[in-house]
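Q: For reference, the file my_file_38.txt (compact mmCIF, C-alpha atoms and all ligand atoms) is included below:
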# COMPACT_ATOMS: atom_id res chain seq x y z
CA MET A 1 85.11 108.28 117.26
CA VAL A 2 86.38 104.95 118.52
CA THR A 3 86.18 104.19 122.24
CA VAL A 4 89.66 103.95 123.71
CA TYR A 5 90.76 102.53 127.05
CA HIS A 6 93.90 103.36 128.99
CA ASP A 7 95.36 102.08 132.26
CA ALA A 8 92.99 104.29 134.26
CA ASP A 9 89.98 102.55 132.65
CA ALA A 10 91.24 99.05 133.50
CA ASP A 11 91.11 97.64 137.02
CA MET A 12 93.45 94.73 137.74
CA ALA A 13 91.11 93.81 140.63
CA ALA A 14 89.04 91.92 138.03
CA LEU A 15 91.78 89.26 138.17
CA ASP A 16 91.90 89.06 141.98
CA GLY A 17 91.52 85.52 143.27
CA LYS A 18 91.43 84.21 139.70
CA CYS A 19 93.80 81.81 138.04
CA VAL A 20 94.91 82.81 134.55
CA ALA A 21 95.70 79.80 132.35
CA VAL A 22 97.82 80.70 129.34
CA ILE A 23 97.41 77.98 126.72
CA GLY A 24 100.55 77.97 124.58
CA TYR A 25 103.98 79.43 125.30
CA GLY A 26 105.04 80.66 121.87
CA ASN A 27 105.31 84.19 120.47
CA GLN A 28 102.39 85.65 122.38
CA GLY A 29 102.13 83.02 125.14
CA HIS A 30 105.59 83.56 126.61
CA ALA A 31 105.18 87.34 126.52
CA GLN A 32 101.65 87.56 127.88
CA ALA A 33 102.21 84.95 130.61
CA GLN A 34 105.29 86.78 131.93
CA ASN A 35 103.73 90.24 131.66
CA LEU A 36 100.60 89.11 133.50
CA ARG A 37 102.68 87.48 136.22
CA ASP A 38 104.81 90.62 136.59
CA SER A 39 101.57 92.61 136.83
CA GLY A 40 100.57 90.54 139.87
CA ALA A 41 98.23 87.94 138.33
CA THR A 42 98.34 84.25 139.25
CA VAL A 43 99.41 82.54 136.03
CA ILE A 44 99.82 78.93 135.00
CA VAL A 45 100.72 77.61 131.56
CA GLY A 46 99.01 74.84 129.60
CA ASN A 47 101.24 73.25 126.98
CA ARG A 48 101.73 69.99 125.14
CA GLN A 49 105.02 68.08 125.50
CA ASP A 50 107.39 70.08 123.34
CA GLU A 51 110.20 72.65 123.44
CA TYR A 52 107.78 75.42 124.43
CA ARG A 53 106.89 73.49 127.57
CA LYS A 54 110.55 73.35 128.55
CA SER A 55 110.84 77.06 127.96
CA ALA A 56 107.85 77.78 130.26
CA LEU A 57 109.36 75.54 132.95
CA ALA A 58 112.69 77.36 132.59
CA ASP A 59 110.80 80.62 133.21
CA ASP A 60 109.49 79.15 136.48
CA PHE A 61 105.89 78.58 135.48
CA GLU A 62 103.77 75.71 136.66
CA VAL A 63 103.08 73.90 133.39
CA LEU A 64 100.17 71.50 133.04
CA PRO A 65 98.75 69.53 130.13
CA ILE A 66 96.33 71.80 128.23
CA ARG A 67 93.26 69.95 129.49
CA ASP A 68 94.27 70.37 133.14
CA ALA A 69 95.27 74.01 132.74
CA ALA A 70 91.92 74.82 131.14
CA ARG A 71 90.17 73.12 134.08
CA ARG A 72 92.25 75.01 136.66
CA GLY A 73 92.04 78.38 134.94
CA ASP A 74 89.23 80.86 135.55
CA ILE A 75 90.52 83.00 132.71
CA VAL A 76 91.80 80.96 129.77
CA LEU A 77 93.99 82.64 127.16
CA MET A 78 94.06 80.78 123.85
CA LEU A 79 97.60 81.51 122.65
CA ILE A 80 98.25 78.68 120.23
CA PRO A 81 98.20 79.12 116.42
CA ASP A 82 94.79 79.97 114.96
CA GLU A 83 94.85 76.89 112.69
CA VAL A 84 95.04 74.43 115.58
CA GLN A 85 92.66 76.23 117.94
CA PRO A 86 89.36 74.67 116.74
CA GLN A 87 90.60 71.12 117.30
CA VAL A 88 92.51 71.79 120.53
CA PHE A 89 89.57 73.77 121.89
CA ALA A 90 87.05 71.02 121.15
CA ARG A 91 89.22 68.20 122.49
CA GLN A 92 91.14 69.75 125.38
CA VAL A 93 89.71 73.08 126.49
CA LEU A 94 85.93 72.99 126.24
CA SER A 95 85.39 70.30 128.88
CA GLY A 96 87.51 72.29 131.36
CA LEU A 97 85.41 75.45 131.17
CA ALA A 98 83.05 76.17 134.04
CA GLU A 99 80.23 78.68 134.44
CA GLY A 100 81.61 82.21 134.83
CA ASP A 101 85.01 81.46 133.27
CA THR A 102 86.44 83.78 130.66
CA LEU A 103 87.81 82.65 127.34
CA VAL A 104 90.30 85.12 125.87
CA PHE A 105 91.45 85.20 122.24
CA ALA A 106 94.33 87.24 120.81
CA SER A 107 92.83 87.19 117.34
CA GLY A 108 89.28 87.49 115.98
CA TYR A 109 89.49 84.82 113.28
CA ASN A 110 88.12 81.64 114.87
CA VAL A 111 85.24 83.26 116.71
CA ALA A 112 84.34 85.56 113.80
CA TYR A 113 83.99 82.58 111.45
CA GLY A 114 82.28 80.30 113.98
CA LEU A 115 85.20 77.84 114.12
CA VAL A 116 85.37 78.10 117.92
CA GLN A 117 82.31 78.73 120.03
CA GLY A 118 82.44 79.07 123.81
CA PRO A 119 79.57 77.59 125.81
CA GLU A 120 76.85 80.11 126.74
CA CYS A 121 77.82 80.13 130.42
CA VAL A 122 81.26 81.68 129.85
CA ASP A 123 82.47 85.12 128.83
CA VAL A 124 84.21 85.26 125.46
CA VAL A 125 86.50 88.23 124.89
CA MET A 126 89.31 89.32 122.62
CA VAL A 127 92.50 91.05 123.68
CA ALA A 128 94.49 91.29 120.47
CA PRO A 129 97.90 92.96 120.71
CA ARG A 130 98.90 94.79 117.54
CA MET A 131 102.47 93.80 118.23
CA ILE A 132 104.70 90.78 117.78
CA GLY A 133 105.27 88.66 120.89
CA SER A 134 108.91 89.54 121.52
CA ALA A 135 108.03 93.25 121.52
CA VAL A 136 105.05 92.62 123.82
CA ARG A 137 107.56 91.40 126.38
CA ASN A 138 110.35 93.90 125.66
CA LEU A 139 108.10 96.96 125.69
CA TYR A 140 106.54 95.80 128.96
CA ARG A 141 109.98 95.50 130.54
CA GLN A 142 110.84 98.99 129.34
CA GLY A 143 107.67 100.33 130.96
CA LYS A 144 106.14 101.08 127.58
CA GLY A 145 102.83 100.10 126.01
CA TYR A 146 101.55 99.15 122.56
CA PRO A 147 98.11 99.20 120.95
CA CYS A 148 95.65 96.35 121.24
CA LEU A 149 92.05 95.70 120.23
CA VAL A 150 89.52 94.54 122.81
CA ALA A 151 86.10 93.05 122.19
CA VAL A 152 83.35 91.22 123.99
CA GLY A 153 81.78 88.33 122.10
CA GLN A 154 79.77 86.85 124.96
CA ASN A 155 78.98 88.50 128.28
CA ALA A 156 77.63 85.73 130.50
CA THR A 157 78.75 87.29 133.78
CA GLY A 158 78.18 90.94 132.94
CA GLN A 159 81.88 91.46 133.74
CA ALA A 160 83.37 90.45 130.40
CA LEU A 161 84.66 93.89 129.44
CA ALA A 162 86.16 94.50 132.89
CA THR A 163 88.03 91.18 132.64
CA ALA A 164 89.22 91.91 129.09
CA LEU A 165 90.51 95.32 130.15
CA ALA A 166 92.28 93.85 133.18
CA VAL A 167 94.03 91.37 130.87
CA ALA A 168 94.89 94.20 128.46
CA ARG A 169 96.37 96.15 131.34
CA GLY A 170 98.17 93.11 132.74
CA ILE A 171 99.94 92.50 129.44
CA GLY A 172 100.93 96.18 129.29
CA ALA A 173 98.81 97.23 126.33
CA THR A 174 96.65 99.90 128.02
CA ARG A 175 99.81 101.88 128.87
CA ALA A 176 99.36 102.90 125.21
CA ALA A 177 95.74 102.21 124.25
CA ALA A 178 93.13 99.50 123.86
CA PHE A 179 90.68 100.24 121.05
CA ALA A 180 87.12 98.92 121.38
CA SER A 181 86.58 96.51 118.52
CA SER A 182 84.84 93.28 117.53
CA PHE A 183 86.06 89.83 116.54
CA GLU A 184 84.83 90.54 113.00
CA GLU A 185 86.58 93.91 112.74
CA GLU A 186 89.89 92.47 113.94
CA ALA A 187 89.67 89.56 111.49
CA LEU A 188 88.79 91.90 108.61
CA MET A 189 91.65 94.33 109.33
CA ASP A 190 94.13 91.51 109.77
CA LEU A 191 93.14 89.50 106.69
CA PHE A 192 92.76 92.54 104.46
CA ALA A 193 96.23 93.76 105.47
CA GLU A 194 97.67 90.33 104.63
CA GLN A 195 95.73 89.70 101.42
CA PHE A 196 95.69 93.19 99.92
CA LEU A 197 98.33 95.42 101.51
CA TRP A 198 101.14 92.92 102.09
CA ALA A 199 100.29 90.82 99.06
CA GLY A 200 100.55 93.99 96.98
CA ILE A 201 103.74 95.22 98.61
CA VAL A 202 105.51 91.88 98.12
CA ARG A 203 104.33 91.67 94.50
CA LEU A 204 105.39 95.25 93.72
CA CYS A 205 108.80 94.66 95.29
CA THR A 206 109.48 91.54 93.22
CA LEU A 207 108.25 93.27 90.07
CA TYR A 208 110.56 96.22 90.84
CA TYR A 209 113.50 93.82 91.26
CA ASP A 210 112.71 91.72 88.15
CA MET A 211 112.22 94.72 85.86
CA LEU A 212 115.37 96.55 86.96
CA VAL A 213 117.55 93.45 86.67
CA GLU A 214 116.02 92.79 83.23
CA ALA A 215 116.86 96.41 82.35
CA GLY A 216 120.52 95.65 83.13
CA CYS A 217 120.86 97.03 86.68
CA ALA A 218 123.19 95.12 89.04
CA PRO A 219 121.10 92.66 91.10
CA GLU A 220 123.08 93.47 94.27
CA SER A 221 122.47 97.19 93.88
CA VAL A 222 118.77 96.61 93.27
CA ALA A 223 118.46 94.36 96.34
CA SER A 224 120.24 96.99 98.41
CA GLU A 225 118.02 99.77 97.05
CA LEU A 226 114.89 97.70 97.56
CA TYR A 227 115.22 96.71 101.21
CA LEU A 228 118.67 95.71 102.42
CA SER A 229 119.84 99.31 102.90
CA GLY A 230 117.17 99.69 105.61
CA GLU A 231 115.80 102.86 103.98
CA MET A 232 112.30 101.33 104.07
CA VAL A 233 112.57 101.08 107.85
CA GLU A 234 113.74 104.70 108.07
CA VAL A 235 110.76 105.82 105.98
CA ALA A 236 108.35 103.79 108.13
CA GLU A 237 109.81 105.39 111.26
CA ALA A 238 109.55 108.84 109.69
CA MET A 239 105.86 108.13 108.91
CA ILE A 240 105.30 107.52 112.63
CA GLU A 241 107.44 110.46 113.81
CA THR A 242 106.60 113.10 111.22
CA GLY A 243 103.44 111.93 109.50
CA PHE A 244 102.43 109.56 106.71
CA PHE A 245 102.49 112.30 104.05
CA LYS A 246 104.47 114.98 105.89
CA GLN A 247 107.59 112.79 105.82
CA LEU A 248 107.66 113.37 102.05
CA ASP A 249 109.61 116.54 102.89
CA LEU A 250 112.53 114.27 103.80
CA HIS A 251 112.73 113.13 100.16
CA SER A 252 113.96 115.13 97.17
CA HIS A 253 111.45 117.15 95.15
CA THR A 254 111.95 114.73 92.25
CA SER A 255 111.04 111.85 94.54
CA GLN A 256 108.00 113.67 95.96
CA TYR A 257 106.74 114.46 92.46
CA GLY A 258 107.30 110.89 91.26
CA GLN A 259 105.57 109.32 94.23
CA LEU A 260 102.55 111.60 94.22
CA SER A 261 102.02 111.81 90.48
CA ARG A 262 102.23 108.09 89.60
CA GLY A 263 100.53 106.27 92.50
CA GLU A 264 97.03 106.29 91.07
CA ARG A 265 98.24 104.74 87.84
CA VAL A 266 100.17 102.02 89.68
CA VAL A 267 97.22 101.09 91.86
CA GLY A 268 94.30 102.14 89.69
CA ASP A 269 90.68 101.06 89.19
CA GLY A 270 91.67 97.45 88.49
CA ALA A 271 93.44 97.18 91.84
CA GLN A 272 90.44 98.72 93.60
CA ARG A 273 88.11 96.17 92.03
CA VAL A 274 90.40 93.36 93.18
CA ALA A 275 90.59 94.90 96.67
CA ALA A 276 86.79 95.00 96.86
CA GLU A 277 86.61 91.37 95.72
CA ILE A 278 89.18 90.28 98.32
CA MET A 279 87.31 92.17 101.02
CA GLU A 280 84.02 90.53 100.04
CA GLN A 281 85.61 87.07 100.17
CA ILE A 282 86.87 87.84 103.68
CA ARG A 283 83.53 89.24 104.88
CA SER A 284 81.39 86.46 103.42
CA GLY A 285 83.54 83.73 104.99
CA GLN A 286 84.55 82.42 101.54
CA PHE A 287 88.24 82.91 102.36
CA ALA A 288 87.83 81.15 105.73
CA GLN A 289 86.25 78.16 103.94
CA GLU A 290 89.04 78.09 101.37
CA TRP A 291 91.70 78.24 104.11
CA THR A 292 90.04 75.50 106.18
CA ALA A 293 89.93 73.24 103.10
CA GLU A 294 93.60 74.03 102.36
CA GLN A 295 94.57 73.08 105.92
CA GLN A 296 92.53 69.86 105.80
CA ALA A 297 94.33 68.89 102.59
CA GLY A 298 97.73 69.34 104.29
CA MET A 299 98.41 72.82 102.83
CA PRO A 300 99.58 71.68 99.36
CA HIS A 301 98.88 75.06 97.76
CA LEU A 302 100.79 76.97 100.43
CA GLU A 303 103.74 74.59 100.11
CA GLY A 304 103.80 75.17 96.35
CA LEU A 305 103.60 78.94 96.70
CA LYS A 306 106.43 78.98 99.24
CA LYS A 307 108.57 76.73 97.07
CA THR A 308 108.11 79.09 94.13
CA ALA A 309 108.94 82.13 96.28
CA LEU A 310 112.12 80.47 97.51
CA THR A 311 113.31 79.82 93.95
CA HIS A 312 113.24 83.55 93.10
CA PRO A 313 116.79 84.81 92.29
CA LEU A 314 116.47 87.41 95.04
CA ASN A 315 117.04 84.67 97.63
CA GLU A 316 120.56 84.08 96.39
CA VAL A 317 121.34 87.71 95.58
CA GLU A 318 120.29 88.78 99.05
CA GLN A 319 122.91 86.53 100.68
CA ARG A 320 125.63 87.99 98.48
CA THR A 321 124.45 91.56 99.02
CA LYS A 322 124.26 91.12 102.78
CA ARG A 323 127.89 90.01 102.79
CA ILE A 324 128.83 93.07 100.71
CA LEU A 325 127.00 95.33 103.17
CA GLY A 326 128.59 93.57 106.16
CA LEU A 327 125.21 92.33 107.35
CA GLY A 328 126.35 88.72 107.80
P1 LIG B 1 102.82 80.29 118.16
O1 LIG B 1 102.97 79.69 116.82
O2 LIG B 1 104.00 81.01 118.70
O3 LIG B 1 102.34 79.15 119.18
C1 LIG B 1 103.21 78.22 119.68
C2 LIG B 1 102.51 77.51 120.82
O4 LIG B 1 101.41 76.75 120.32
C3 LIG B 1 103.43 76.56 121.56
O5 LIG B 1 103.20 76.65 122.93
C4 LIG B 1 103.02 75.19 121.03
O6 LIG B 1 103.22 74.17 122.00
C5 LIG B 1 101.53 75.41 120.80
N1 LIG B 1 100.98 74.51 119.77
C6 LIG B 1 101.28 74.51 118.45
N2 LIG B 1 100.58 73.54 117.83
C7 LIG B 1 99.85 72.92 118.77
C8 LIG B 1 98.93 71.84 118.74
N3 LIG B 1 98.62 71.19 117.60
N4 LIG B 1 98.35 71.46 119.90
C9 LIG B 1 98.64 72.11 121.05
N5 LIG B 1 99.49 73.14 121.15
C10 LIG B 1 100.09 73.54 120.02
O7 LIG B 1 101.51 81.21 118.19
P2 LIG B 1 101.43 82.79 118.28
O8 LIG B 1 102.07 83.40 117.08
O9 LIG B 1 101.86 83.22 119.64
O10 LIG B 1 99.86 83.02 118.13
C11 LIG B 1 98.99 82.78 119.22
C12 LIG B 1 97.74 83.64 119.05
O11 LIG B 1 98.13 85.02 119.11
C13 LIG B 1 97.05 83.46 117.71
O12 LIG B 1 95.66 83.59 117.91
C14 LIG B 1 97.56 84.63 116.88
O13 LIG B 1 96.68 85.03 115.86
C15 LIG B 1 97.65 85.71 117.97
N6 LIG B 1 98.55 86.80 117.69
C16 LIG B 1 99.85 86.54 117.32
C17 LIG B 1 100.74 87.57 117.11
C18 LIG B 1 102.19 87.29 116.86
O14 LIG B 1 103.00 88.20 117.03
N7 LIG B 1 102.60 86.08 116.48
C19 LIG B 1 100.31 88.99 117.18
C20 LIG B 1 98.97 89.15 117.69
C21 LIG B 1 98.12 88.08 117.89
Could the structure of this file be written out as structure tokens, please?
A:
Amino acid sequence: MVTVYHDADADMAALDGKCVAVIGYGNQGHAQAQNLRDSGATVIVGNRQDEYRKSALADDFEVLPIRDAARRGDIVLMLIPDEVQPQVFARQVLSGLAEGDTLVFASGYNVAYGLVQGPECVDVVMVAPRMIGSAVRNLYRQGKGYPCLVAVGQNATGQALATALAVARGIGATRAAAFASSFEEEALMDLFAEQFLWAGIVRLCTLYYDMLVEAGCAPESVASELYLSGEMVEVAEAMIETGFFKQLDLHSHTSQYGQLSRGERVVGDGAQRVAAEIMEQIRSGQFAQEWTAEQQAGMPHLEGLKKTALTHPLNEVEQRTKRILGLG
């Protein structure tokens, strides 16, 4: 059984007298900085000269260049995109870290694949919200929590877990639950969801659309049926409320029979072999190498894939269907 931490297991005193430097003021940065400040922590923001800096200033934060914020901070939250972290860390953060500081990541990727390595004299922890940034802030303001994963990668002070839990509490996560994890586990769950689950869902959806339109169904009706009606969201909510399988009772018997009797054929042995292959590429670091090379080349493959996706007829049909449904 996984170890789980709640508010009662996390003592905000671990942040007493410490300065929390939030590096980056984007999706997670703006939410975590404000939540931590509202929880009583002393928070500064480190940001380059861009729109995000203006936004942090507008929210009444002291904003410093990243290098200076990392020097001032005792607890440094790396909340800039994963792709830029290795370079920014090496050039602007590393030299500012002092013995006993804590480096906090919101994702396992860079540490798991050795792309960022904190010096031995600092604690390295992960506090990874399983929630988008805007909701991290909104839920906090509503007095609600959300799940997060916490991990200790390096425990130089012996206090790494206490600090991670205080951060998790400060951002409002332990009102729900913080699950004990590792950088590697977080990276695996994240990447496997993206590369198997979401890749499959997106592919199945486009195949569903293409085949029905080919079969003569009205594109607008198919787009509505597929996702624009919002039924998918209702089903997802019912899975949370009622249960992943128990919500089947909300569907007709024909639907229940169809779903349960055909699934194994749709995602059969072939799909399982591919899933195993994808998982192995993630675990071995082969995917991380491929992705680093893609970034270094200026992301030509990603650009091409996005361009192709944006030429799919669904893009145009969705605009028309949204107007029909009064969705804008
Ligand atoms: P973001 O894309 O919103 O980050 C924007 C911030 O990064 C801005 O402050 C910008 O000034 C700064 N930035 C961008 N490029 C930079 C560069 N080259 N040099 C210096 N600063 C730069 O990032 P987001 O989505 O908040 O992700 C931050 C971390 O949180 C990542 O590790 C991510 O994996 C993790 N995370 C993100 C979630 C999300 O909802 N987006 C959910 C859970 C974790």
Q: Select from chain A every residue with an atom at most 8 Å from any atom of ligand LIG 1 (chain B), then for each give the shortest pair of atoms and their distance in Å to one decimal, using all atoms listed in the file, rows by chain and rising number, as CSV.
A:
residue,atom,partner,partner_atom,distance
A:Ile23,CA,B:LIG1,O5,7.0
A:Gly24,CA,B:LIG1,O5,3.4
A:Tyr25,CA,B:LIG1,O5,3.7
A:Gly26,CA,B:LIG1,O2,3.4
A:Asn27,CA,B:LIG1,O9,3.7
A:Gln28,CA,B:LIG1,O9,3.7
A:Gly29,CA,B:LIG1,O9,5.5
A:His30,CA,B:LIG1,O9,7.9
A:Asn47,CA,B:LIG1,O6,5.4
A:Arg48,CA,B:LIG1,O6,5.4
A:Gln49,CA,B:LIG1,O6,7.3
A:Asp50,CA,B:LIG1,O6,6.0
A:Glu51,CA,B:LIG1,O6,7.3
A:Tyr52,CA,B:LIG1,O5,5.0
A:Arg53,CA,B:LIG1,O6,6.7
A:Ile66,CA,B:LIG1,C9,7.5
A:Met78,CA,B:LIG1,C12,6.7
A:Leu79,CA,B:LIG1,C11,3.9
A:Ile80,CA,B:LIG1,O4,3.7
A:Pro81,CA,B:LIG1,O7,4.3
A:Asp82,CA,B:LIG1,O12,4.8
A:Val84,CA,B:LIG1,N3,5.2
A:Gln85,CA,B:LIG1,N4,7.7
A:Val88,CA,B:LIG1,N4,5.9
A:Phe105,CA,B:LIG1,O12,6.3
A:Ala106,CA,B:LIG1,C15,4.6
A:Ser107,CA,B:LIG1,O12,4.6
A:Gly108,CA,B:LIG1,O12,7.7
A:Tyr109,CA,B:LIG1,O13,7.6
A:Ala128,CA,B:LIG1,C21,5.5
A:Pro129,CA,B:LIG1,C20,5.0
A:Arg130,CA,B:LIG1,C20,5.6
A:Met131,CA,B:LIG1,C19,5.4
A:Ile132,CA,B:LIG1,O14,3.2
A:Gly133,CA,B:LIG1,O14,4.5
A:Ser134,CA,B:LIG1,O14,7.5
Q: Find the residues near Cys205 in chain A: any atom within 10 Å, counting all atoms listed in the file, skip ones fewer than 3 places away on the same chain, and give them as a JSON list (two decimals) with C-alpha atoms, keeping the file's coordinate frame.
A:
[["chain", "number", "residue", "atom", "x", "y", "z"],
["A", 200, "GLY", "CA", 100.55, 93.99, 96.98],
["A", 201, "ILE", "CA", 103.74, 95.22, 98.61],
["A", 202, "VAL", "CA", 105.51, 91.88, 98.12],
["A", 208, "TYR", "CA", 110.56, 96.22, 90.84],
["A", 209, "TYR", "CA", 113.50, 93.82, 91.26],
["A", 210, "ASP", "CA", 112.71, 91.72, 88.15],
["A", 223, "ALA", "CA", 118.46, 94.36, 96.34],
["A", 226, "LEU", "CA", 114.89, 97.70, 97.56],
["A", 227, "TYR", "CA", 115.22, 96.71, 101.21]]
Q: Excluding Val116 in chain A and its own-chain neighbours fewer than 6 positions away, which residues fall within 8 Å of it when counting all atoms listed in the file? Please give them as a list in words.
A: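 In the requested form, the answer reads Gln85, Pro86, Phe89, Ala90 and Asn110 of chain A.
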Q: Would you save the residues from that selection as a short mmCIF file (atom, residue, chain, number, x, y, z; two decimals), keeping the file's coordinate frame, using C-alpha atoms?
A:
data_model
loop_
_atom_site.label_atom_id
_atom_site.label_comp_id
_atom_site.auth_asym_id
_atom_site.auth_seq_id
_atom_site.Cartn_x
_atom_site.Cartn_y
_atom_site.Cartn_z
CA GLN A 85 92.66 76.23 117.94
CA PRO A 86 89.36 74.67 116.74
CA PHE A 89 89.57 73.77 121.89
CA ALA A 90 87.05 71.02 121.15
CA ASN A 110 88.12 81.64 114.87
#
Q: Applying 7 Å and all atoms listed in the file, which residues near range 14-18 of chain A remain after dropping the ones on its own chain fewer than 4 positions away? List them as a PDB file with C-alpha atoms, in the frame of the given file.
A:
ATOM      1  CA  ALA A  41      98.230  87.940 138.330  1.00  0.00           C
ATOM      2  CA  THR A  42      98.340  84.250 139.250  1.00  0.00           C
ATOM      3  CA  ASP A  74      89.230  80.860 135.550  1.00  0.00           C
ATOM      4  CA  ALA A 162      86.160  94.500 132.890  1.00  0.00           C
ATOM      5  CA  THR A 163      88.030  91.180 132.640  1.00  0.00           C
ATOM      6  CA  ALA A 166      92.280  93.850 133.180  1.00  0.00           C
TER       7      ALA A 166
END
Q: Between CA of Leu103 in chain A and CA of Asp123 in chain A, what is the distance, to one decimal in Å?
A: 6.1 Å
Q: Could you check the closest approach to Glu194 in chain A for each of A:Leu64, A:Met279, A:Leu305, A:Ala293 and tell me which residue wins, using all atoms listed in the file?
A: A:Met279
Q: State, in Å with one decimal place, the distance from CA of Thr292 in chain A to CA of Phe192 in chain A.
A: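 Going from CA of Thr292 in chain A over to CA of Phe192 in chain A, I get 17.3 Å.
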Q: From the list A:Val317, A:Val124, A:Met12, A:Ala160, which residue is nearest Pro219 in chain A when using all atoms listed in the file?
A: A:Val317
Q: Just to confirm, what's the straight-line distance from CA of Cys19 in chain A to CA of Ala69 in chain A in Å (one decimal)?
A: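 Rounded to one decimal, the two atoms are 9.5 Å apart.
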Q: Report as a list in words all protein, DNA and RNA residues lying within 12 Å of Gly328 in chain A, evaluated on only C-alpha atoms, omitting residues in the same chain fewer than 4 positions from it.
A: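 Non-adjacent residues within range: Leu228, Glu318, Gln319, Arg320, Thr321, Lys322, Arg323 and Ile324 of chain A.
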Q: Between A:Val213, A:Ala33, A:Val150, A:Leu260, single out the one closest to Pro313 in chain A, counting only C-alpha atoms.
A: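 Of the candidates, the smallest distance to Pro313 in chain A is held by A:Val213.
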Q: Between A:Leu207, A:Ile75, A:Val4, A:Ala288, which one has atoms that come closest to Ala164 in chain A, using all atoms listed in the file?
A: A:Ile75
Q: Please determine, counting only C-alpha atoms, which residue among A:Asp249, A:Glu99, A:Asp9, A:Glu280 has the shortest atom-to-atom distance to Pro119 in chain A.
A: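 Nearest to Pro119 in chain A: A:Glu99.
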